[in-house]
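What follows is a set of notes on a single structure, which appears directly below.
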Amino acid sequence: MKKIAIFASGEGSNAESIVNYFRTPGSHAEVALIVTNRPDAPVINRAERLGVDYAVITRAELNDGVTILNLLDRYAIDIVVLAGFLLMIPCGLIERYRGRIVNIHPSLLPKFGGKGMYGNRVHEAVVAAGERLTGITIHHVNEHYDDGAIIFQASIEVDPTDTPADVARKVRQLELTHFAPTIAQTFL
């Protein structure tokens with residue numbers, strides 16, 4: 001049974017979807033840990049409700065090269081999933097989990113990726129640019145923002161009357177539909 005750690009900074013809807021996906025009979029993985037950098041993140045409430053262990057780490061603990069790796073070792077983590085985690089992942093963590101650490105981005109990379117491009121910022125940029133297509137990209141994580149090898153992309157049409165909130169709703173549905181199955185197909 002593979003052990004997954006999910007890193008999330010916000011609401012945790014993707015985290016909950018992934019937890020539930022891997023609780024289905026016959027699954028060969030389980031979410032053993034949810035890691036957040038915000039002590040007030042709603043993902044904590046989801047973790048408690050779902051009965052999944054969680055840890056709150058500081059930026060310093062993430063970057064010190066020891067604390068986060070010891071935490072992941074304690075839970076025998078095989079796969080790291082970034083699901084709305086807003087801190088840059090340090091090189092030591094990437095090196096330890098190279099090829100086993102993935103992220104989801106709310107656009108069709110390479111468009112609208114990079115430092116500072118997350119969440120509503122991406123959707124606002126998509127609408128402002130007059131894009132007619134956007135979606136999600138699930139990719140391996142490397143040392144650069146949104147630059148790792150693409151594993152999977154799915155797209156939706158952007159209507160001329162869509163607001164960033166409309167785009168966000170459409171993209172969220174793609175995330176909830178495709179993220180967990182893509183993790184399973186990639187690693188199991």
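Residues in the structure tokens are numbered from 1 in each chain, the chains being A, B, ... in the order shown, and ligands are numbered from 1 in the order shown.
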
Find the spatial neighbours of Arg59 of chain A, counting only C-alpha atoms, within a cut-off of 8 Å - ignore same-chain residues fewer than 4 positions away - and output them as a ChimeraX atom specification. /A:37,63,87

So which residues touch segment 158-163 of chain A within 8 Å, counting only C-alpha atoms, skipping near sequence neighbours fewer than 5 positions away, as a list in words? Glu124, Val127, Gly130, Glu131, Arg132, Leu133 and Thr134 of chain A

Any chance you can output those residues with C-alpha atoms as a PDB file, in the first residue's frame?
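Written output follows (part.pdb):
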```pdb
ATOM      1  CA  GLU A 124      -8.238  36.588 -13.879  1.00  0.00           C
ATOM      2  CA  VAL A 127     -10.156  36.135 -18.783  1.00  0.00           C
ATOM      3  CA  GLY A 130      -9.345  36.709 -23.869  1.00  0.00           C
ATOM      4  CA  GLU A 131      -8.421  33.027 -23.863  1.00  0.00           C
ATOM      5  CA  ARG A 132     -11.050  30.707 -25.276  1.00  0.00           C
ATOM      6  CA  LEU A 133      -9.563  27.585 -23.703  1.00  0.00           C
ATOM      7  CA  THR A 134      -8.110  26.879 -20.270  1.00  0.00           C
TER       8      THR A 134
END
```

Please provide the set of residues having any atom within 8 Å of His123 of chain A, restricted to only C-alpha atoms, with same-chain residues fewer than 6 positions apart removed, written as a ChimeraX atom specification. /A:106-107,164-165,167-168

Kindly give the distance, in Å, that separates atom CA of Gly114 of chain A and atom CA of Ile101 of chain A, rounded to a single decimal.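 Distance between the two atoms: 17.3 Å.
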
Got a sec: who's within 6 Å of Glu30 of chain A, counting only C-alpha atoms, leaving out chain neighbours fewer than 2 positions off, as number ranges by chain? A: 3-4, 22, 32

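Note that atom CA of Glu61 of chain A and atom CA of Lys2 of chain A are 24.7 Å apart.
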
Just want the 7 Å neighbourhood of Ala180 of chain A, counted on only C-alpha atoms, with same-chain residues fewer than 4 positions away dropped. Output as a list in words.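 Residues meeting the cut-off are Ile18, Tyr21 and Ala184 of chain A.
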
Those residues with C-alpha atoms, as a CSV table (one decimal), in the first residue's frame please?
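Wrote it out as part-v8.csv, contents follow:
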```
chain,number,residue,atom,x,y,z
A,18,ILE,CA,-8.1,12.5,-3.2
A,21,TYR,CA,-10.8,8.3,-4.1
A,184,ALA,CA,-3.4,6.5,-9.4
```

DSSP on the backbone: what in chain A comes out helix (DSSP H, G or I), as a PyMOL selection string? chain A and resi 13-21+42-50+59-63+67-74+91-96+119-128+164-187

Can you list, as a ChimeraX atom specification, every residue of chain A that DSSP puts in strand (DSSP E or B)? /A:2-7,29-36,54-56,79-82,101-105,133-140,150-157

Could the residues in this selection be saved with C-alpha atoms as an mmCIF file, in the first residue's frame?
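Wrote it out as out13.cif, contents follow:
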```
data_model
loop_
_atom_site.group_PDB
_atom_site.id
_atom_site.type_symbol
_atom_site.label_atom_id
_atom_site.label_comp_id
_atom_site.auth_asym_id
_atom_site.auth_seq_id
_atom_site.Cartn_x
_atom_site.Cartn_y
_atom_site.Cartn_z
ATOM 1 C CA LYS A 2 1.535 3.300 -1.140
ATOM 2 C CA LYS A 3 1.369 6.192 1.321
ATOM 3 C CA ILE A 4 0.477 9.662 0.057
ATOM 4 C CA ALA A 5 1.100 13.035 1.705
ATOM 5 C CA ILE A 6 -0.975 15.940 0.433
ATOM 6 C CA PHE A 7 0.380 19.475 0.847
ATOM 7 C CA ALA A 29 -2.731 3.734 -1.891
ATOM 8 C CA GLU A 30 -3.941 5.801 1.013
ATOM 9 C CA VAL A 31 -3.553 9.383 2.130
ATOM 10 C CA ALA A 32 -1.574 9.050 5.337
ATOM 11 C CA LEU A 33 -0.889 12.740 5.990
ATOM 12 C CA ILE A 34 -2.028 16.228 5.063
ATOM 13 C CA VAL A 35 0.564 18.979 5.468
ATOM 14 C CA THR A 36 -0.311 22.667 5.579
ATOM 15 C CA TYR A 54 -2.262 16.458 9.577
ATOM 16 C CA ALA A 55 0.717 18.629 10.395
ATOM 17 C CA VAL A 56 1.172 22.383 10.330
ATOM 18 C CA ILE A 79 4.213 10.051 -2.995
ATOM 19 C CA VAL A 80 3.869 13.800 -2.373
ATOM 20 C CA VAL A 81 0.896 15.604 -3.902
ATOM 21 C CA LEU A 82 0.692 19.402 -4.003
ATOM 22 C CA ILE A 101 6.034 14.595 -6.339
ATOM 23 C CA VAL A 102 3.220 16.133 -8.399
ATOM 24 C CA ASN A 103 1.317 19.390 -8.559
ATOM 25 C CA ILE A 104 -1.914 20.538 -10.138
ATOM 26 C CA HIS A 105 -2.048 23.947 -11.819
ATOM 27 C CA LEU A 133 -9.563 27.585 -23.703
ATOM 28 C CA THR A 134 -8.110 26.879 -20.270
ATOM 29 C CA GLY A 135 -8.017 23.915 -17.941
ATOM 30 C CA ILE A 136 -5.748 22.004 -15.616
ATOM 31 C CA THR A 137 -2.234 20.671 -15.805
ATOM 32 C CA ILE A 138 -0.963 17.911 -13.557
ATOM 33 C CA HIS A 139 2.821 17.841 -13.637
ATOM 34 C CA HIS A 140 5.918 16.546 -11.916
ATOM 35 C CA ILE A 150 3.457 17.398 -17.830
ATOM 36 C CA ILE A 151 1.594 14.231 -16.875
ATOM 37 C CA PHE A 152 -1.961 15.187 -17.853
ATOM 38 C CA GLN A 153 -3.991 18.120 -19.149
ATOM 39 C CA ALA A 154 -7.739 18.615 -19.512
ATOM 40 C CA SER A 155 -9.415 21.672 -20.982
ATOM 41 C CA ILE A 156 -12.668 23.617 -20.860
ATOM 42 C CA GLU A 157 -13.985 26.375 -23.069
#
```
